[in-house]
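Take a look at the structure set out below.
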Amino acid sequence: MIPSIEWVNQNNRSIVKMIDQTVLPHELKFLELSDYRDVAKSIKVMNIRGAPAIGVAAAMGMALAALEYKNLSKDDFLKKMKDAAKTIRMTRPTASNLFWALNRILEVVDKSIGTVNEICEEVVEEAILMAQEDIIVNKNIGKHGAELIKDGETILTHCNAGSLATVQYGTALAPIRTAIEQGKKISVIADETRPRLQGARLTAFELNYDNIPVKVISDTSSGLLMKLGKINKIIVGTDRVTSDAVFNKIGTYLVALAAKDNNIPFYVAAPTSTLSLEETIDDVEIEQREDSEVSCVLGKIRIVPEGVECLNYAFDITTFELVTGIITEDGVFTAEKLLEKYRK
Ligand code: MRU
């Protein structure tokens with residue numbers, strides 16, 4: 001897959017180039033943004049989405065802000081950088097990576113003893129480094145996760161935690177990609193993922209693009225397919241892991257319940273940037289998006305009677321007893337071992 005987001009220097013200016021995921025799979029279109037406010041908007045309206053990709057977009061947004069303010073006095077620069085972080089922070093509340101990335105950039109700003117120009121360079125370098133690190137982390141998740149996958153298996157995934165949800169390679173799809181690179185014959189079943197259809201539009205697009213066998217099912221079919229023995233394992237991504245649960249796209253919890261009932265291993269791929277182990281379930285805000293995402297299919301065809309309200313929670317909570325293992329860039333852990341290793 002092509003990177004979902006890149007920092008590009010062209011014609012003496014820097015831009016953030018990203019795939020516009022709202023028009024996939026019909027169009028492979030790129031957005032070129034040079035204002036951090038537009039990056040914030042692109043996160044909010046989900047031109048770019050998926051926890052790790054959101055994190056990198058936030059960091060690159062901060063780098064654009066640094067370039068915009070590089071002629072200010074140091075005091076004004078620092079104030080403007082904090083304001084930019086606030087704008088980007090307001091976009092989506094659930095994925096840890098957004099806050100993790102902003103904090104990492106603000107730490108660079110706060111710790112630097114350089115001139116404004118030097119801080120600006122450091123911020124741009126940090127954002128580029130974060131994008132590079134993302135790919136390395138994903139390849140390591142792939143390496144550890146592939147050990148769980150046997151030749152001939154069919155893996156179910158929910159939403160899109162693939163290349164498009166990261167800079168490249170993906171988290172939940174990384175073990176599948178690596179297993180295939182190792183010569184294993186693997187196929188994927190992708191839940192369509194109502195209401196934004198990330199499974200149908202994005203997971204199917206990127207796997208098909210890379211010639212990885214994929215079939216799309218309606219969200220309500222996964223339980224039956226598990227019962228019929230057509231699914232060997234489940235691997236999903238996550239937006240935040242707290243000390244007691246995994247937060248991921250709405251519908252994940254029901255998949256995990258069905259997996260438990262059918263004795264099918266349920267794995268969560270989680271880069272350490274997604275871990276928020278000092279928090280518990282109660283600390284997390286679950287994003288609620290517009291009613292129209294549920295009442296209309298892809299914002300176009302209304303399927304709910306006028307005047308009837310919809311509830312549109314974007315994420316749900318899967319507590320640890322339903323999770324077989326969590327795959328990070330360092331290995332595969334039970335929830336207990338994960339807490340032992342990473343909780344400060
Ligand atoms: O609303 P989205 O599309 O940003 O939600 C994405 C997910 O829920 C992914 O599973 C999660 O961010 C992990 S992506 C590697």
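Quick note on naming: the chains in the structure tokens go A, B, ... in the order shown, residues restart at 1 in each chain, and ligands are numbered from 1 in order of appearance.
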Write out as a Markdown table the residues of chain A that have any atom within 7 Å of an atom of ligand 1, one row each with the nearest atom pair and its distance in Å to one decimal, counting only C-alpha atoms and all ligand atoms, sorted by chain and then rising number.
```
| residue | atom | partner | partner_atom_place_in_ligand_line | distance |
| --- | --- | --- | --- | --- |
| A:Met46 | CA | ligand 1 | 4 (O) | 7.0 |
| A:Arg49 | CA | ligand 1 | 4 (O) | 4.0 |
| A:Gly50 | CA | ligand 1 | 12 (O) | 3.6 |
| A:Ala51 | CA | ligand 1 | 12 (O) | 3.8 |
| A:Pro52 | CA | ligand 1 | 15 (C) | 5.8 |
| A:Ala95 | CA | ligand 1 | 12 (O) | 6.6 |
| A:His158 | CA | ligand 1 | 10 (O) | 6.9 |
| A:Cys159 | CA | ligand 1 | 10 (O) | 5.4 |
| A:Asn160 | CA | ligand 1 | 10 (O) | 5.4 |
| A:Ala161 | CA | ligand 1 | 15 (C) | 3.7 |
| A:Gly162 | CA | ligand 1 | 15 (C) | 6.0 |
| A:Ala165 | CA | ligand 1 | 14 (S) | 4.7 |
| A:Thr166 | CA | ligand 1 | 15 (C) | 5.8 |
| A:Gly170 | CA | ligand 1 | 15 (C) | 5.8 |
| A:Thr171 | CA | ligand 1 | 15 (C) | 4.9 |
| A:Ala172 | CA | ligand 1 | 15 (C) | 6.5 |
| A:Gln198 | CA | ligand 1 | 3 (O) | 6.2 |
| A:Val236 | CA | ligand 1 | 10 (O) | 6.2 |
| A:Gly237 | CA | ligand 1 | 13 (C) | 4.0 |
| A:Thr238 | CA | ligand 1 | 13 (C) | 4.1 |
| A:Asp239 | CA | ligand 1 | 12 (O) | 4.5 |
| A:Asn248 | CA | ligand 1 | 8 (O) | 4.6 |
| A:Lys249 | CA | ligand 1 | 8 (O) | 3.7 |
| A:Ala314 | CA | ligand 1 | 1 (O) | 6.2 |
| A:Phe315 | CA | ligand 1 | 8 (O) | 6.7 |
```
Quick one: everything within 10 Å of Ile317 of chain A, counting only C-alpha atoms, minus sequence neighbours fewer than 6 positions away in the same chain. Send it as a compact mmCIF listing (two decimals) with N, CA, C and O atoms, in the first residue's frame.
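Below you can see result_30.txt, which holds the result:
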```txt
# COMPACT_ATOMS: atom_id res chain seq x y z
N ARG A 240 -7.61 2.58 22.17
CA ARG A 240 -7.04 2.84 23.49
C ARG A 240 -7.13 1.56 24.31
O ARG A 240 -8.15 0.87 24.28
N VAL A 241 -6.05 1.26 25.02
CA VAL A 241 -6.09 0.14 25.96
C VAL A 241 -5.91 0.73 27.35
O VAL A 241 -4.91 1.40 27.63
N ASP A 244 -8.14 -2.00 32.16
CA ASP A 244 -9.18 -3.02 32.30
C ASP A 244 -9.88 -3.39 30.99
O ASP A 244 -10.71 -4.30 30.98
N ALA A 245 -9.58 -2.69 29.91
CA ALA A 245 -10.33 -2.96 28.68
C ALA A 245 -9.65 -2.42 27.44
O ALA A 245 -8.72 -1.63 27.51
N VAL A 246 -10.21 -2.89 26.33
CA VAL A 246 -9.75 -2.44 25.01
C VAL A 246 -10.90 -1.65 24.38
O VAL A 246 -12.04 -2.12 24.36
N PHE A 247 -10.60 -0.46 23.91
CA PHE A 247 -11.60 0.35 23.19
C PHE A 247 -11.32 0.20 21.70
O PHE A 247 -10.19 0.37 21.25
N ASN A 248 -12.35 -0.15 20.96
CA ASN A 248 -12.18 -0.22 19.50
C ASN A 248 -13.52 0.08 18.83
O ASN A 248 -14.53 0.33 19.51
N LYS A 249 -13.50 0.07 17.53
CA LYS A 249 -14.68 0.43 16.74
C LYS A 249 -15.93 -0.27 17.23
O LYS A 249 -15.90 -1.45 17.57
N ILE A 250 -17.01 0.45 17.23
CA ILE A 250 -18.30 -0.08 17.66
C ILE A 250 -18.57 -1.42 16.93
O ILE A 250 -18.37 -1.53 15.73
N GLY A 251 -18.97 -2.40 17.72
CA GLY A 251 -19.20 -3.74 17.14
C GLY A 251 -18.14 -4.74 17.57
O GLY A 251 -18.36 -5.95 17.54
N THR A 252 -16.99 -4.23 18.01
CA THR A 252 -15.89 -5.13 18.40
C THR A 252 -16.30 -6.01 19.58
O THR A 252 -15.99 -7.21 19.63
N TYR A 253 -16.99 -5.41 20.53
CA TYR A 253 -17.40 -6.15 21.74
C TYR A 253 -18.27 -7.36 21.37
O TYR A 253 -18.09 -8.46 21.91
N LEU A 254 -19.18 -7.17 20.45
CA LEU A 254 -20.07 -8.28 20.06
C LEU A 254 -19.27 -9.38 19.36
O LEU A 254 -19.54 -10.57 19.54
N ILE A 281 -11.72 2.24 32.48
CA ILE A 281 -12.85 2.46 31.55
C ILE A 281 -13.52 3.82 31.79
O ILE A 281 -13.83 4.55 30.85
N VAL A 284 -12.48 7.23 30.05
CA VAL A 284 -12.44 7.39 28.59
C VAL A 284 -13.76 7.94 28.05
O VAL A 284 -14.84 7.47 28.40
N ILE A 286 -16.15 8.09 25.08
CA ILE A 286 -16.46 7.40 23.82
C ILE A 286 -17.09 8.40 22.87
O ILE A 286 -18.11 9.03 23.20
```
Surrounding residues of Ser221 of chain A excluding itself and chain neighbours under 2 positions, 12 Å, only C-alpha atoms, as a PDB file with all heavy atoms, in the first residue's frame:
```
ATOM      1  N   LEU A 156     -10.719 -13.181  10.865  1.00  0.00           N
ATOM      2  CA  LEU A 156     -11.755 -12.144  10.824  1.00  0.00           C
ATOM      3  C   LEU A 156     -11.194 -10.857  11.429  1.00  0.00           C
ATOM      4  O   LEU A 156     -10.491 -10.890  12.441  1.00  0.00           O
ATOM      5  CB  LEU A 156     -12.981 -12.568  11.633  1.00  0.00           C
ATOM      6  CG  LEU A 156     -14.065 -11.487  11.713  1.00  0.00           C
ATOM      7  CD1 LEU A 156     -15.143 -11.701  10.653  1.00  0.00           C
ATOM      8  CD2 LEU A 156     -14.728 -11.438  13.077  1.00  0.00           C
ATOM      9  N   HIS A 158     -12.298  -6.519  12.206  1.00  0.00           N
ATOM     10  CA  HIS A 158     -13.409  -5.570  12.282  1.00  0.00           C
ATOM     11  C   HIS A 158     -12.855  -4.163  12.043  1.00  0.00           C
ATOM     12  O   HIS A 158     -11.781  -3.828  12.527  1.00  0.00           O
ATOM     13  CB  HIS A 158     -14.045  -5.662  13.681  1.00  0.00           C
ATOM     14  CG  HIS A 158     -15.307  -4.874  13.832  1.00  0.00           C
ATOM     15  ND1 HIS A 158     -16.499  -5.264  13.258  1.00  0.00           N
ATOM     16  CD2 HIS A 158     -15.568  -3.713  14.478  1.00  0.00           C
ATOM     17  CE1 HIS A 158     -17.439  -4.385  13.559  1.00  0.00           C
ATOM     18  NE2 HIS A 158     -16.898  -3.431  14.294  1.00  0.00           N
ATOM     19  N   ILE A 189     -11.631 -12.287   6.434  1.00  0.00           N
ATOM     20  CA  ILE A 189     -13.043 -11.899   6.381  1.00  0.00           C
ATOM     21  C   ILE A 189     -13.148 -10.549   7.074  1.00  0.00           C
ATOM     22  O   ILE A 189     -12.669 -10.389   8.208  1.00  0.00           O
ATOM     23  CB  ILE A 189     -13.938 -12.967   7.031  1.00  0.00           C
ATOM     24  CG1 ILE A 189     -13.894 -14.227   6.153  1.00  0.00           C
ATOM     25  CG2 ILE A 189     -15.365 -12.442   7.207  1.00  0.00           C
ATOM     26  CD1 ILE A 189     -14.866 -15.299   6.497  1.00  0.00           C
ATOM     27  N   ALA A 190     -13.727  -9.592   6.378  1.00  0.00           N
ATOM     28  CA  ALA A 190     -13.819  -8.229   6.921  1.00  0.00           C
ATOM     29  C   ALA A 190     -15.269  -7.900   7.223  1.00  0.00           C
ATOM     30  O   ALA A 190     -16.128  -7.967   6.330  1.00  0.00           O
ATOM     31  CB  ALA A 190     -13.254  -7.231   5.904  1.00  0.00           C
ATOM     32  N   ASP A 191     -15.541  -7.546   8.487  1.00  0.00           N
ATOM     33  CA  ASP A 191     -16.872  -7.029   8.820  1.00  0.00           C
ATOM     34  C   ASP A 191     -17.060  -5.704   8.088  1.00  0.00           C
ATOM     35  O   ASP A 191     -16.148  -4.874   8.068  1.00  0.00           O
ATOM     36  CB  ASP A 191     -16.956  -6.726  10.332  1.00  0.00           C
ATOM     37  CG  ASP A 191     -17.135  -7.981  11.173  1.00  0.00           C
ATOM     38  OD1 ASP A 191     -17.519  -9.021  10.617  1.00  0.00           O
ATOM     39  OD2 ASP A 191     -16.892  -7.896  12.384  1.00  0.00           O
ATOM     40  N   GLU A 192     -18.256  -5.467   7.570  1.00  0.00           N
ATOM     41  CA  GLU A 192     -18.450  -4.209   6.817  1.00  0.00           C
ATOM     42  C   GLU A 192     -18.240  -2.967   7.712  1.00  0.00           C
ATOM     43  O   GLU A 192     -17.759  -1.944   7.286  1.00  0.00           O
ATOM     44  CB  GLU A 192     -19.844  -4.165   6.187  1.00  0.00           C
ATOM     45  CG  GLU A 192     -20.942  -4.207   7.229  1.00  0.00           C
ATOM     46  CD  GLU A 192     -22.336  -3.934   6.693  1.00  0.00           C
ATOM     47  OE1 GLU A 192     -22.492  -3.455   5.567  1.00  0.00           O
ATOM     48  OE2 GLU A 192     -23.285  -4.205   7.441  1.00  0.00           O
ATOM     49  N   THR A 193     -18.644  -3.082   8.998  1.00  0.00           N
ATOM     50  CA  THR A 193     -18.416  -2.014   9.983  1.00  0.00           C
ATOM     51  C   THR A 193     -19.311  -0.791   9.785  1.00  0.00           C
ATOM     52  O   THR A 193     -18.860   0.304   9.430  1.00  0.00           O
ATOM     53  CB  THR A 193     -16.919  -1.600  10.064  1.00  0.00           C
ATOM     54  OG1 THR A 193     -16.093  -2.752   9.978  1.00  0.00           O
ATOM     55  CG2 THR A 193     -16.632  -0.866  11.364  1.00  0.00           C
ATOM     56  N   LYS A 215     -12.982 -11.377   1.921  1.00  0.00           N
ATOM     57  CA  LYS A 215     -14.429 -11.376   1.673  1.00  0.00           C
ATOM     58  C   LYS A 215     -15.062 -10.449   2.695  1.00  0.00           C
ATOM     59  O   LYS A 215     -14.644 -10.440   3.861  1.00  0.00           O
ATOM     60  CB  LYS A 215     -15.011 -12.779   1.849  1.00  0.00           C
ATOM     61  CG  LYS A 215     -14.629 -13.713   0.733  1.00  0.00           C
ATOM     62  CD  LYS A 215     -15.294 -15.057   0.871  1.00  0.00           C
ATOM     63  CE  LYS A 215     -14.868 -15.937  -0.296  1.00  0.00           C
ATOM     64  NZ  LYS A 215     -14.756 -17.327   0.048  1.00  0.00           N
ATOM     65  N   VAL A 216     -16.071  -9.700   2.287  1.00  0.00           N
ATOM     66  CA  VAL A 216     -16.752  -8.772   3.199  1.00  0.00           C
ATOM     67  C   VAL A 216     -18.074  -9.394   3.639  1.00  0.00           C
ATOM     68  O   VAL A 216     -18.772  -9.996   2.838  1.00  0.00           O
ATOM     69  CB  VAL A 216     -17.001  -7.413   2.498  1.00  0.00           C
ATOM     70  CG1 VAL A 216     -17.811  -6.481   3.390  1.00  0.00           C
ATOM     71  CG2 VAL A 216     -15.676  -6.760   2.118  1.00  0.00           C
ATOM     72  N   ILE A 217     -18.376  -9.257   4.928  1.00  0.00           N
ATOM     73  CA  ILE A 217     -19.668  -9.741   5.437  1.00  0.00           C
ATOM     74  C   ILE A 217     -20.399  -8.593   6.132  1.00  0.00           C
ATOM     75  O   ILE A 217     -19.762  -7.630   6.570  1.00  0.00           O
ATOM     76  CB  ILE A 217     -19.495 -10.919   6.433  1.00  0.00           C
ATOM     77  CG1 ILE A 217     -18.587 -10.520   7.619  1.00  0.00           C
ATOM     78  CG2 ILE A 217     -18.973 -12.158   5.732  1.00  0.00           C
ATOM     79  CD1 ILE A 217     -18.576 -11.514   8.762  1.00  0.00           C
ATOM     80  N   SER A 218     -21.709  -8.727   6.245  1.00  0.00           N
ATOM     81  CA  SER A 218     -22.442  -7.750   7.060  1.00  0.00           C
ATOM     82  C   SER A 218     -22.035  -7.995   8.515  1.00  0.00           C
ATOM     83  O   SER A 218     -21.700  -9.125   8.888  1.00  0.00           O
ATOM     84  CB  SER A 218     -23.949  -7.919   6.869  1.00  0.00           C
ATOM     85  OG  SER A 218     -24.318  -9.207   7.291  1.00  0.00           O
ATOM     86  N   ASP A 219     -22.080  -6.955   9.331  1.00  0.00           N
ATOM     87  CA  ASP A 219     -21.614  -7.076  10.718  1.00  0.00           C
ATOM     88  C   ASP A 219     -22.326  -8.188  11.472  1.00  0.00           C
ATOM     89  O   ASP A 219     -21.738  -8.853  12.314  1.00  0.00           O
ATOM     90  CB  ASP A 219     -21.839  -5.754  11.456  1.00  0.00           C
ATOM     91  CG  ASP A 219     -20.936  -4.660  10.920  1.00  0.00           C
ATOM     92  OD1 ASP A 219     -19.799  -4.982  10.512  1.00  0.00           O
ATOM     93  OD2 ASP A 219     -21.358  -3.498  10.894  1.00  0.00           O
ATOM     94  N   GLY A 223     -21.064 -13.923  13.853  1.00  0.00           N
ATOM     95  CA  GLY A 223     -21.398 -14.987  14.810  1.00  0.00           C
ATOM     96  C   GLY A 223     -21.707 -16.293  14.098  1.00  0.00           C
ATOM     97  O   GLY A 223     -21.205 -17.361  14.474  1.00  0.00           O
ATOM     98  N   LEU A 224     -22.491 -16.211  13.052  1.00  0.00           N
ATOM     99  CA  LEU A 224     -22.842 -17.427  12.300  1.00  0.00           C
ATOM    100  C   LEU A 224     -21.591 -18.065  11.700  1.00  0.00           C
ATOM    101  O   LEU A 224     -21.384 -19.275  11.797  1.00  0.00           O
ATOM    102  CB  LEU A 224     -23.842 -17.108  11.176  1.00  0.00           C
ATOM    103  CG  LEU A 224     -24.103 -18.302  10.248  1.00  0.00           C
ATOM    104  CD1 LEU A 224     -24.924 -19.376  10.948  1.00  0.00           C
ATOM    105  CD2 LEU A 224     -24.776 -17.874   8.959  1.00  0.00           C
ATOM    106  N   LEU A 225     -20.733 -17.238  11.097  1.00  0.00           N
ATOM    107  CA  LEU A 225     -19.527 -17.788  10.463  1.00  0.00           C
ATOM    108  C   LEU A 225     -18.624 -18.459  11.490  1.00  0.00           C
ATOM    109  O   LEU A 225     -17.980 -19.480  11.206  1.00  0.00           O
ATOM    110  CB  LEU A 225     -18.767 -16.695   9.707  1.00  0.00           C
ATOM    111  CG  LEU A 225     -19.478 -16.150   8.466  1.00  0.00           C
ATOM    112  CD1 LEU A 225     -18.563 -15.243   7.684  1.00  0.00           C
ATOM    113  CD2 LEU A 225     -19.958 -17.261   7.568  1.00  0.00           C
ATOM    114  N   MET A 226     -18.592 -17.911  12.698  1.00  0.00           N
ATOM    115  CA  MET A 226     -17.798 -18.555  13.760  1.00  0.00           C
ATOM    116  C   MET A 226     -18.415 -19.913  14.088  1.00  0.00           C
ATOM    117  O   MET A 226     -17.730 -20.916  14.206  1.00  0.00           O
ATOM    118  CB  MET A 226     -17.763 -17.664  15.012  1.00  0.00           C
ATOM    119  CG  MET A 226     -16.928 -16.404  14.821  1.00  0.00           C
ATOM    120  SD  MET A 226     -16.818 -15.475  16.363  1.00  0.00           S
ATOM    121  CE  MET A 226     -16.967 -13.808  15.773  1.00  0.00           C
ATOM    122  N   LYS A 227     -19.721 -19.935  14.238  1.00  0.00           N
ATOM    123  CA  LYS A 227     -20.423 -21.189  14.570  1.00  0.00           C
ATOM    124  C   LYS A 227     -20.219 -22.228  13.481  1.00  0.00           C
ATOM    125  O   LYS A 227     -20.103 -23.424  13.765  1.00  0.00           O
ATOM    126  CB  LYS A 227     -21.911 -20.891  14.780  1.00  0.00           C
ATOM    127  CG  LYS A 227     -22.641 -21.968  15.521  1.00  0.00           C
ATOM    128  CD  LYS A 227     -23.707 -21.443  16.468  1.00  0.00           C
ATOM    129  CE  LYS A 227     -23.284 -20.910  17.727  1.00  0.00           C
ATOM    130  NZ  LYS A 227     -23.139 -21.156  18.958  1.00  0.00           N
ATOM    131  N   LEU A 228     -20.151 -21.796  12.230  1.00  0.00           N
ATOM    132  CA  LEU A 228     -19.974 -22.734  11.111  1.00  0.00           C
ATOM    133  C   LEU A 228     -18.514 -23.170  10.952  1.00  0.00           C
ATOM    134  O   LEU A 228     -18.184 -23.925  10.043  1.00  0.00           O
ATOM    135  CB  LEU A 228     -20.456 -22.087   9.795  1.00  0.00           C
ATOM    136  CG  LEU A 228     -21.954 -21.778   9.683  1.00  0.00           C
ATOM    137  CD1 LEU A 228     -22.255 -21.088   8.349  1.00  0.00           C
ATOM    138  CD2 LEU A 228     -22.798 -23.052   9.813  1.00  0.00           C
ATOM    139  N   LYS A 230     -15.941 -21.294  10.135  1.00  0.00           N
ATOM    140  CA  LYS A 230     -15.282 -20.673   8.982  1.00  0.00           C
ATOM    141  C   LYS A 230     -14.264 -19.607   9.375  1.00  0.00           C
ATOM    142  O   LYS A 230     -13.662 -18.966   8.522  1.00  0.00           O
ATOM    143  CB  LYS A 230     -16.339 -20.059   8.047  1.00  0.00           C
ATOM    144  CG  LYS A 230     -17.221 -21.137   7.406  1.00  0.00           C
ATOM    145  CD  LYS A 230     -18.079 -20.578   6.304  1.00  0.00           C
ATOM    146  CE  LYS A 230     -19.016 -21.630   5.742  1.00  0.00           C
ATOM    147  NZ  LYS A 230     -18.337 -22.727   5.048  1.00  0.00           N
ATOM    148  N   ILE A 231     -14.093 -19.415  10.674  1.00  0.00           N
ATOM    149  CA  ILE A 231     -13.133 -18.405  11.133  1.00  0.00           C
ATOM    150  C   ILE A 231     -12.195 -19.053  12.150  1.00  0.00           C
ATOM    151  O   ILE A 231     -12.646 -19.663  13.115  1.00  0.00           O
ATOM    152  CB  ILE A 231     -13.887 -17.205  11.759  1.00  0.00           C
ATOM    153  CG1 ILE A 231     -14.609 -16.447  10.632  1.00  0.00           C
ATOM    154  CG2 ILE A 231     -12.930 -16.269  12.500  1.00  0.00           C
ATOM    155  CD1 ILE A 231     -15.659 -15.514  11.094  1.00  0.00           C
ATOM    156  N   GLY A 251     -18.970  -2.404  17.720  1.00  0.00           N
ATOM    157  CA  GLY A 251     -19.195  -3.740  17.138  1.00  0.00           C
ATOM    158  C   GLY A 251     -18.137  -4.737  17.567  1.00  0.00           C
ATOM    159  O   GLY A 251     -18.363  -5.954  17.536  1.00  0.00           O
ATOM    160  N   LEU A 254     -19.185  -7.169  20.449  1.00  0.00           N
ATOM    161  CA  LEU A 254     -20.068  -8.278  20.065  1.00  0.00           C
ATOM    162  C   LEU A 254     -19.273  -9.380  19.361  1.00  0.00           C
ATOM    163  O   LEU A 254     -19.545 -10.567  19.541  1.00  0.00           O
ATOM    164  CB  LEU A 254     -21.204  -7.776  19.169  1.00  0.00           C
ATOM    165  CG  LEU A 254     -22.184  -6.807  19.849  1.00  0.00           C
ATOM    166  CD1 LEU A 254     -23.266  -6.371  18.881  1.00  0.00           C
ATOM    167  CD2 LEU A 254     -22.808  -7.446  21.089  1.00  0.00           C
ATOM    168  N   VAL A 255     -18.284  -8.995  18.584  1.00  0.00           N
ATOM    169  CA  VAL A 255     -17.413  -9.982  17.934  1.00  0.00           C
ATOM    170  C   VAL A 255     -16.666 -10.775  19.009  1.00  0.00           C
ATOM    171  O   VAL A 255     -16.576 -12.010  18.952  1.00  0.00           O
ATOM    172  CB  VAL A 255     -16.405  -9.283  16.982  1.00  0.00           C
ATOM    173  CG1 VAL A 255     -15.396 -10.283  16.430  1.00  0.00           C
ATOM    174  CG2 VAL A 255     -17.138  -8.587  15.844  1.00  0.00           C
ATOM    175  N   ALA A 258     -18.986 -13.260  20.732  1.00  0.00           N
ATOM    176  CA  ALA A 258     -19.245 -14.427  19.873  1.00  0.00           C
ATOM    177  C   ALA A 258     -18.008 -15.310  19.800  1.00  0.00           C
ATOM    178  O   ALA A 258     -18.109 -16.543  19.776  1.00  0.00           O
ATOM    179  CB  ALA A 258     -19.665 -13.970  18.483  1.00  0.00           C
TER     180      ALA A 258
END
```
Within 10 Å of Glu122 of chain A using only C-alpha atoms, minus same-chain residues under 3 positions, as a PyMOL selection string: chain A and resi 63+66+105+108-109+112+114+116-119+125-128
Residue subset to file, keeping N, CA and C atoms, as a PDB file, in the first residue's frame:
```pdb
ATOM      1  N   ALA A  63       3.681  20.354  13.235  1.00  0.00           N
ATOM      2  CA  ALA A  63       4.855  20.789  12.472  1.00  0.00           C
ATOM      3  C   ALA A  63       4.471  21.932  11.522  1.00  0.00           C
ATOM      4  N   ALA A  66       4.222  25.013  13.625  1.00  0.00           N
ATOM      5  CA  ALA A  66       5.558  25.536  13.944  1.00  0.00           C
ATOM      6  C   ALA A  66       6.091  26.374  12.777  1.00  0.00           C
ATOM      7  N   ILE A 105       5.053  16.057  20.904  1.00  0.00           N
ATOM      8  CA  ILE A 105       5.513  17.275  20.217  1.00  0.00           C
ATOM      9  C   ILE A 105       5.654  18.430  21.227  1.00  0.00           C
ATOM     10  N   VAL A 108       8.844  18.251  23.070  1.00  0.00           N
ATOM     11  CA  VAL A 108       9.981  18.752  22.279  1.00  0.00           C
ATOM     12  C   VAL A 108      10.035  20.274  22.396  1.00  0.00           C
ATOM     13  N   VAL A 109       8.878  20.906  22.247  1.00  0.00           N
ATOM     14  CA  VAL A 109       8.806  22.374  22.304  1.00  0.00           C
ATOM     15  C   VAL A 109       9.240  22.863  23.691  1.00  0.00           C
ATOM     16  N   SER A 112      13.081  22.259  24.568  1.00  0.00           N
ATOM     17  CA  SER A 112      14.125  22.834  23.724  1.00  0.00           C
ATOM     18  C   SER A 112      14.667  24.130  24.331  1.00  0.00           C
ATOM     19  N   GLY A 114      16.579  25.952  22.294  1.00  0.00           N
ATOM     20  CA  GLY A 114      17.012  26.625  21.065  1.00  0.00           C
ATOM     21  C   GLY A 114      16.209  27.873  20.739  1.00  0.00           C
ATOM     22  N   VAL A 116      13.612  29.999  18.144  1.00  0.00           N
ATOM     23  CA  VAL A 116      12.333  29.572  17.546  1.00  0.00           C
ATOM     24  C   VAL A 116      12.598  28.759  16.276  1.00  0.00           C
ATOM     25  N   ASN A 117      13.553  29.227  15.471  1.00  0.00           N
ATOM     26  CA  ASN A 117      13.881  28.488  14.237  1.00  0.00           C
ATOM     27  C   ASN A 117      14.340  27.072  14.523  1.00  0.00           C
ATOM     28  N   GLU A 118      15.164  26.953  15.572  1.00  0.00           N
ATOM     29  CA  GLU A 118      15.671  25.615  15.932  1.00  0.00           C
ATOM     30  C   GLU A 118      14.539  24.727  16.470  1.00  0.00           C
ATOM     31  N   ILE A 119      13.668  25.307  17.285  1.00  0.00           N
ATOM     32  CA  ILE A 119      12.543  24.498  17.810  1.00  0.00           C
ATOM     33  C   ILE A 119      11.679  24.018  16.643  1.00  0.00           C
ATOM     34  N   GLU A 125      11.291  17.554  12.565  1.00  0.00           N
ATOM     35  CA  GLU A 125      12.048  16.279  12.622  1.00  0.00           C
ATOM     36  C   GLU A 125      11.306  15.237  13.453  1.00  0.00           C
ATOM     37  N   GLU A 126      10.745  15.672  14.580  1.00  0.00           N
ATOM     38  CA  GLU A 126      10.037  14.739  15.458  1.00  0.00           C
ATOM     39  C   GLU A 126       8.811  14.138  14.748  1.00  0.00           C
ATOM     40  N   ALA A 127       8.077  14.987  14.032  1.00  0.00           N
ATOM     41  CA  ALA A 127       6.876  14.502  13.331  1.00  0.00           C
ATOM     42  C   ALA A 127       7.263  13.478  12.258  1.00  0.00           C
ATOM     43  N   ILE A 128       8.351  13.776  11.533  1.00  0.00           N
ATOM     44  CA  ILE A 128       8.801  12.843  10.493  1.00  0.00           C
ATOM     45  C   ILE A 128       9.267  11.535  11.141  1.00  0.00           C
TER      46      ILE A 128
END
```
Contacts of Arg343 of chain A within 10 Å, only C-alpha atoms, excl. fewer than 3 positions in-chain, as an MDAnalysis selection string: chainID A and resid 242:243 275:278 337:340
Contacts of Lys233 of chain A within 9 Å, only C-alpha atoms, excl. fewer than 3 positions in-chain, as a PyMOL selection string: chain A and resi 149+153-157+259+264-267
Shortest interatomic distance to Cys310 of chain A - which of A:Pro93, A:Pro175, A:Pro195, A:Gly145, counting only C-alpha atoms: A:Pro195
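We find atom CA of Asn262 of chain A and atom CA of Lys143 of chain A to be spaced 26.6 Å apart.
Going from atom CA of Trp100 of chain A to atom CA of Glu147 of chain A covers 28.7 Å.
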Option closest in space to Asn140 of chain A, from A:Ser292, A:Thr328, A:Thr22, A:Thr115 [counting only C-alpha atoms]: A:Thr328
Secondary structure check, alpha helix (DSSP H) residues of segment 13-247 of chain A, as JSON, numbers by chain: {"A": [36, 37, 38, 39, 40, 41, 42, 43, 44, 51, 52, 53, 54, 55, 56, 57, 58, 59, 60, 61, 62, 63, 64, 65, 66, 67, 68, 74, 75, 76, 77, 78, 79, 80, 81, 82, 83, 84, 85, 86, 87, 88, 89, 96, 97, 98, 99, 100, 101, 102, 103, 104, 105, 106, 107, 108, 109, 110, 111, 116, 117, 118, 119, 120, 121, 122, 123, 124, 125, 126, 127, 128, 129, 130, 131, 132, 133, 134, 135, 136, 137, 138, 139, 140, 141, 142, 143, 144, 145, 146, 174, 175, 176, 177, 178, 179, 180, 181, 204, 205, 206, 207, 208, 209, 222, 223, 224, 225, 226, 227]}
